[in-house]
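So this one's entry17.txt, compact mmCIF, C-alpha atoms and all ligand atoms:
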```
# COMPACT_ATOMS: atom_id res chain seq x y z
CA MET A 88 161.85 110.52 173.81
CA THR A 89 163.20 113.08 176.27
CA GLN A 90 161.18 116.01 177.61
CA VAL A 91 163.19 118.37 175.38
CA ASP A 92 162.33 116.28 172.30
CA ARG A 93 158.65 116.24 173.27
CA THR A 94 158.62 120.03 173.69
CA ARG A 95 160.31 120.45 170.29
CA GLU A 96 157.81 118.12 168.58
CA HIS A 97 154.94 119.99 170.17
CA LEU A 98 156.37 123.30 169.00
CA ILE A 99 156.81 122.07 165.42
CA GLU A 100 153.26 120.72 165.35
CA THR A 101 151.94 124.01 166.69
CA TYR A 102 153.74 126.08 164.07
CA ARG A 103 152.73 123.68 161.29
CA LYS A 104 149.14 124.53 162.16
CA LYS A 105 149.88 128.25 162.40
CA ALA A 106 152.04 128.59 159.28
CA LYS A 107 149.31 129.06 156.68
CA HIS A 108 147.74 132.08 158.38
CA TYR A 109 150.74 133.27 160.39
CA ASP A 110 151.29 136.49 158.42
CA VAL A 111 147.73 137.60 159.14
CA THR A 112 147.31 136.27 162.67
CA SER A 113 150.71 137.55 163.74
CA ARG A 114 149.44 141.11 163.19
CA LEU A 115 147.30 140.47 166.27
CA TYR A 116 150.29 139.11 168.20
CA PRO A 117 150.51 139.28 171.14
CA ALA A 118 147.34 141.38 171.14
CA PRO A 119 145.40 143.50 168.62
CA GLY A 120 147.07 146.91 168.26
CA TYR A 121 150.39 145.75 169.70
CA PRO A 122 153.21 147.79 168.09
CA GLN A 123 154.92 144.76 166.61
CA ARG A 124 155.90 146.41 163.33
CA ALA A 125 157.52 149.35 165.16
CA GLN A 126 159.40 146.90 167.39
CA ARG A 127 160.68 144.95 164.37
CA LEU A 128 161.87 148.17 162.75
CA ARG A 129 163.69 149.11 165.93
CA ALA A 130 165.34 145.71 166.13
CA VAL A 131 166.54 145.88 162.52
CA ARG A 132 167.89 149.41 163.08
CA ALA A 133 169.79 148.15 166.13
CA LEU A 134 171.70 145.76 163.85
CA GLY A 135 173.45 148.76 162.27
CA LEU A 136 173.46 147.02 158.88
CA ARG A 137 175.25 148.36 155.84
CA GLN A 138 174.78 147.57 152.16
CA GLY A 139 176.42 144.25 151.33
CA ASP A 140 176.21 142.81 154.86
CA THR A 141 175.40 139.20 155.69
CA VAL A 142 172.71 138.73 158.35
CA ILE A 143 171.31 135.61 159.98
CA ASP A 144 167.63 135.69 160.95
CA MET A 145 167.41 133.02 163.66
CA ALA A 146 163.97 131.36 163.94
CA CYS A 147 162.88 133.49 160.97
CA GLY A 148 159.43 131.90 160.67
CA THR A 149 157.72 133.03 157.46
CA GLY A 150 160.31 135.76 156.93
CA LEU A 151 158.45 138.80 158.25
CA ASN A 152 161.78 140.58 158.82
CA PHE A 153 163.15 139.94 155.35
CA SER A 154 161.88 143.08 153.60
CA LEU A 155 163.32 145.32 156.34
CA LEU A 156 166.61 143.44 156.17
CA GLU A 157 166.68 143.60 152.35
CA GLU A 158 166.23 147.35 152.49
CA ALA A 159 169.24 147.64 154.78
CA ILE A 160 171.65 145.25 153.03
CA GLY A 161 170.61 145.64 149.38
CA PRO A 162 171.02 143.05 146.63
CA GLY A 163 174.74 142.72 147.37
CA GLY A 164 174.05 141.49 150.89
CA ARG A 165 172.91 138.09 152.09
CA ILE A 166 170.21 136.80 154.45
CA VAL A 167 170.30 133.34 155.99
CA GLY A 168 166.93 132.42 157.51
CA VAL A 169 166.98 129.56 160.01
CA ASP A 170 163.92 127.85 161.48
CA LEU A 171 162.89 124.55 163.00
CA THR A 172 159.48 124.27 161.34
CA ASP A 173 159.26 123.11 157.72
CA ALA A 174 155.85 124.71 157.17
CA MET A 175 157.04 128.14 158.35
CA LEU A 176 160.05 127.88 156.01
CA ALA A 177 157.73 126.92 153.14
CA ARG A 178 155.95 130.24 153.66
CA ALA A 179 159.28 132.04 153.80
CA LYS A 180 160.19 130.41 150.49
CA ASP A 181 156.96 131.71 148.93
CA ARG A 182 157.80 135.20 150.20
CA ILE A 183 161.28 135.04 148.69
CA ALA A 184 159.89 133.92 145.32
CA ALA A 185 157.14 136.55 145.35
CA ASN A 186 159.70 139.29 145.95
CA GLY A 187 162.28 137.91 143.54
CA TRP A 188 165.04 138.00 146.16
CA SER A 189 168.06 135.98 145.04
CA ASN A 190 170.18 136.63 148.11
CA VAL A 191 168.17 134.77 150.76
CA SER A 192 168.88 131.17 151.75
CA LEU A 193 166.86 129.09 154.19
CA VAL A 194 168.08 126.41 156.57
CA GLN A 195 165.86 124.04 158.53
CA ALA A 196 167.58 123.54 161.87
CA ASP A 197 167.12 123.71 165.59
CA ALA A 198 168.69 126.92 166.87
CA ALA A 199 170.41 124.86 169.55
CA ASP A 200 172.28 122.76 166.98
CA PHE A 201 172.78 125.34 164.26
CA ASP A 202 176.33 125.72 163.09
CA PHE A 203 176.52 129.50 162.63
CA PRO A 204 178.60 130.37 159.56
CA SER A 205 181.62 132.36 160.65
CA GLY A 206 182.03 135.98 159.66
CA ALA A 207 178.38 137.06 159.64
CA ASP A 208 177.91 140.81 160.14
CA ALA A 209 174.77 140.47 162.21
CA ILE A 210 172.34 138.05 163.84
CA LEU A 211 168.70 138.86 164.54
CA SER A 212 166.03 136.89 166.34
CA THR A 213 162.50 138.23 166.79
CA TYR A 214 159.69 136.82 168.96
CA ALA A 215 161.28 133.38 169.06
CA LEU A 216 164.36 132.94 171.24
CA THR A 217 162.49 132.78 174.56
CA GLN A 218 160.88 129.60 173.20
CA VAL A 219 164.26 127.93 172.83
CA PRO A 220 165.31 126.22 176.07
CA GLU A 221 168.99 126.52 175.08
CA CYS A 222 168.70 130.27 174.34
CA ALA A 223 171.91 131.17 176.24
CA GLN A 224 173.85 128.59 174.26
CA VAL A 225 172.43 129.95 170.99
CA ILE A 226 173.61 133.43 171.91
CA ALA A 227 177.07 132.13 172.76
CA HIS A 228 177.38 130.17 169.49
CA GLY A 229 176.17 133.14 167.46
CA ALA A 230 178.49 135.58 169.24
CA ALA A 231 181.49 133.33 168.57
CA ALA A 232 180.66 133.24 164.85
CA LEU A 233 180.11 136.98 164.36
CA SER A 234 182.75 139.05 162.61
CA ALA A 235 184.54 141.59 164.82
CA GLY A 236 182.17 144.50 165.29
CA GLY A 237 179.19 142.32 164.27
CA ARG A 238 175.89 142.82 166.06
CA TRP A 239 173.53 140.37 167.84
CA VAL A 240 169.99 141.66 168.41
CA VAL A 241 167.14 139.83 170.15
CA LEU A 242 163.57 141.13 170.28
CA ASP A 243 161.04 139.10 172.24
CA LEU A 244 158.23 139.18 174.75
CA LYS A 245 158.59 139.06 178.52
CA VAL A 246 156.49 139.37 181.63
CA PRO A 247 156.67 142.90 183.06
CA ASP A 248 158.80 142.92 186.21
CA ASN A 249 156.20 144.47 188.46
CA ALA A 250 153.22 142.52 187.13
CA PRO A 251 151.36 140.58 189.81
CA GLY A 252 151.70 136.83 189.27
CA TRP A 253 148.11 136.37 188.13
CA LEU A 254 148.48 139.11 185.51
CA GLY A 255 151.62 137.51 184.14
CA GLN A 256 149.77 134.19 183.95
CA LEU A 257 146.78 135.74 182.23
CA GLY A 258 148.87 137.77 179.77
CA THR A 259 151.07 134.92 178.74
CA ALA A 260 148.12 132.55 178.51
CA VAL A 261 146.72 134.90 175.86
CA VAL A 262 150.08 135.25 174.17
CA ARG A 263 151.18 131.65 174.22
CA PRO A 264 148.29 129.25 174.27
CA PHE A 265 150.60 126.67 172.75
CA ALA A 266 153.46 126.65 175.20
CA SER A 267 153.77 125.65 178.79
CA ILE A 268 153.09 129.03 180.33
CA ASP A 269 154.14 128.05 183.81
CA GLU A 270 157.42 126.71 182.54
CA TRP A 271 158.02 129.90 180.49
CA ILE A 272 157.29 132.19 183.44
CA MET A 273 159.32 130.10 185.87
CA ARG A 274 162.27 129.83 183.53
CA ARG A 275 162.31 133.61 182.83
CA PRO A 276 164.13 133.10 179.51
CA TRP A 277 164.44 136.87 178.97
CA ALA A 278 166.69 137.01 182.05
CA GLU A 279 168.79 134.16 180.64
CA ILE A 280 169.07 136.01 177.34
CA ARG A 281 170.05 139.23 179.09
CA ALA A 282 172.76 137.47 181.10
CA ALA A 283 174.10 135.64 178.03
CA MET A 284 174.29 138.86 176.00
CA GLN A 285 176.20 140.50 178.87
CA GLU A 286 178.53 137.55 179.08
CA GLU A 287 179.25 137.11 175.39
CA LEU A 288 179.20 140.58 173.88
CA ALA A 289 180.77 143.99 174.24
CA ASP A 290 178.57 147.00 175.04
CA PRO A 291 175.41 144.98 175.75
CA SER A 292 172.22 147.01 175.88
CA TRP A 293 168.80 146.13 177.25
CA THR A 294 165.69 148.13 176.47
CA GLU A 295 162.23 147.32 177.77
CA LEU A 296 159.43 148.03 175.33
CA PHE A 297 155.71 148.61 175.65
CA PHE A 298 155.35 148.63 179.44
CA GLY A 299 157.90 145.89 179.93
CA THR A 300 156.00 143.38 177.80
CA ALA A 301 158.89 143.08 175.33
CA PHE A 302 162.64 143.66 175.29
CA LEU A 303 165.33 144.55 172.82
CA ALA A 304 168.71 143.12 173.76
CA ALA A 305 171.73 144.01 171.64
CA GLY A 306 175.49 143.70 171.74
CA THR A 307 178.59 143.78 169.59
CA ARG A 308 181.31 141.18 169.03
CA ALA A 309 184.41 142.85 170.43
CA LYS A 310 187.17 143.83 168.02
CA PRO A 311 190.54 142.25 168.82
CA PRO A 312 192.86 144.67 170.65
CA VAL A 313 195.27 146.58 168.38
CA GLN A 314 198.82 145.22 168.92
C1 LIG B 401 156.42 133.45 166.92
S1 LIG B 401 157.35 132.74 165.57
C2 LIG B 401 158.41 134.11 165.14
C3 LIG B 401 158.85 134.03 163.70
C4 LIG B 401 159.63 135.24 163.21
N1 LIG B 401 160.89 135.38 163.87
C5 LIG B 401 158.82 136.49 163.37
O1 LIG B 401 159.32 137.45 163.97
O2 LIG B 401 157.70 136.54 162.84
C6 LIG B 401 158.50 131.65 166.36
C7 LIG B 401 159.32 130.85 165.37
O3 LIG B 401 160.40 130.24 166.11
C8 LIG B 401 160.64 128.96 165.53
N2 LIG B 401 161.37 128.18 166.53
C9 LIG B 401 160.95 127.84 167.77
N3 LIG B 401 161.89 127.11 168.39
C10 LIG B 401 162.93 127.01 167.54
C11 LIG B 401 164.21 126.39 167.61
N4 LIG B 401 164.59 125.70 168.69
N5 LIG B 401 165.03 126.49 166.56
C12 LIG B 401 164.65 127.17 165.45
N6 LIG B 401 163.46 127.77 165.32
C13 LIG B 401 162.60 127.69 166.35
C14 LIG B 401 159.26 128.45 165.19
O4 LIG B 401 159.31 127.41 164.23
C15 LIG B 401 158.60 129.72 164.67
O5 LIG B 401 158.74 129.83 163.28
```
With the file now loaded, output its structure as structure tokens.
Amino acid sequence: MTQVDRTREHLIETYRKKAKHYDVTSRLYPAPGYPQRAQRLRAVRALGLRQGDTVIDMACGTGLNFSLLEEAIGPGGRIVGVDLTDAMLARAKDRIAANGWSNVSLVQADAADFDFPSGADAILSTYALTQVPECAQVIAHGAAALSAGGRWVVLDLKVPDNAPGWLGQLGTAVVRPFASIDEWIMRRPWAEIRAAMQEELADPSWTELFFGTAFLAAGTRAKPPVQ
């Protein structure tokens, strides 16, 4: 088993344990009072969705974004939720049934291997992509599959730029007791995501949220030039 496989197995095990209570415990994520709901709303707005659109929620977890997405796309639209962890998807399935949504499909897959369906109007990923070692590749694959004018939006946590090292360590230890904090800090996945969005998309934007503890990265698949 490679190191990447071991990390993936560890992640799945961790989220299997978290799945049952995720919807409640995530309200305290990354800390009690953190404006997570407002950040989600902002991320969904940045997708610029219209009624009837198709949107992919990458690493959707239990589907906490689905109601906001449903509001924006309506019953004529489509949501594809993708996640690595079976137990998180089982919760998402319960949510779909409880709400009677007939336009949501779920796919169990690693983001790194996911074959993005072509022609999606938007891709969203919230509080997940910095955990994916191949995050830049995921952005590139998604960008290539988007329809012209389609939007890619990533919301996730980061270490504030000016935080002293020990504060970053302490903060992320609270946030991510399950991951290798040192590896996450060293790798600076938010910087990789920023660079990939700039590389792959037109009009990339980068907004730091809540004192630099989170970011919203967005961009548009360029329209082909008019001949
Ligand atoms: C903190 S949860 C976030 C879930 C959801 N996006 C949300 O905003 O509540 C992180 C999710 O990312 C998923 N995940 C982590 N690595 C993944 C990967 N490589 N491919 C797909 N999903 C992954 C986990 O299974 C988990 O459900």
Within 6 Å of stretch 152-164 of chain A, counting only C-alpha atoms, which residues qualify if same-chain residues fewer than 2 places away don't, as a compact mmCIF listing (two decimals) with C-alpha atoms, keeping the file's coordinate frame?
```txt
# COMPACT_ATOMS: atom_id res chain seq x y z
CA LEU A 136 173.46 147.02 158.88
CA ARG A 137 175.25 148.36 155.84
CA GLN A 138 174.78 147.57 152.16
CA GLY A 139 176.42 144.25 151.33
CA ASP A 140 176.21 142.81 154.86
CA THR A 141 175.40 139.20 155.69
CA GLY A 150 160.31 135.76 156.93
```
- request: Would you kindly return, as a ChimeraX atom specification, each protein, DNA or RNA residue with an atom no farther than 9 Å from any atom of stretch 100-105 of chain A, considering only C-alpha atoms and excluding same-chain residues fewer than 6 positions away?
  value: /A:112,148,172-175,265
message: Need the shell around stretch 225-233 of chain A: protein/DNA/RNA residues with any atom at most 7 Å away, counting all atoms listed in the file. Skip same-chain ones fewer than 4 positions apart. Format as a list in words?
response: Ala198, Ala199, Phe203, Pro204, Ser205, Gly206, Ala207, Asp208, Ala209, Glu221, Gly237, Ala283, Met284, Glu287, Leu288 and Arg308 of chain A
- request: Point out the residue among A:Ala215, A:Ala184, A:Ala133, A:Val191 with the least atom-to-atom distance to ligand LIG 401 (chain B), counting all atoms listed in the file.
  value: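 Selected residue with least distance to ligand LIG 401 (chain B): A:Ala215.
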message: Quick check, in Å to one decimal: how far apart do atom CA of A:Arg274 and atom CA of A:Asp248 lie?
response: 13.8 Å
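Note that atom C9 of ligand LIG 401 (chain B) and atom CA of A:Thr300 are 19.1 Å apart.
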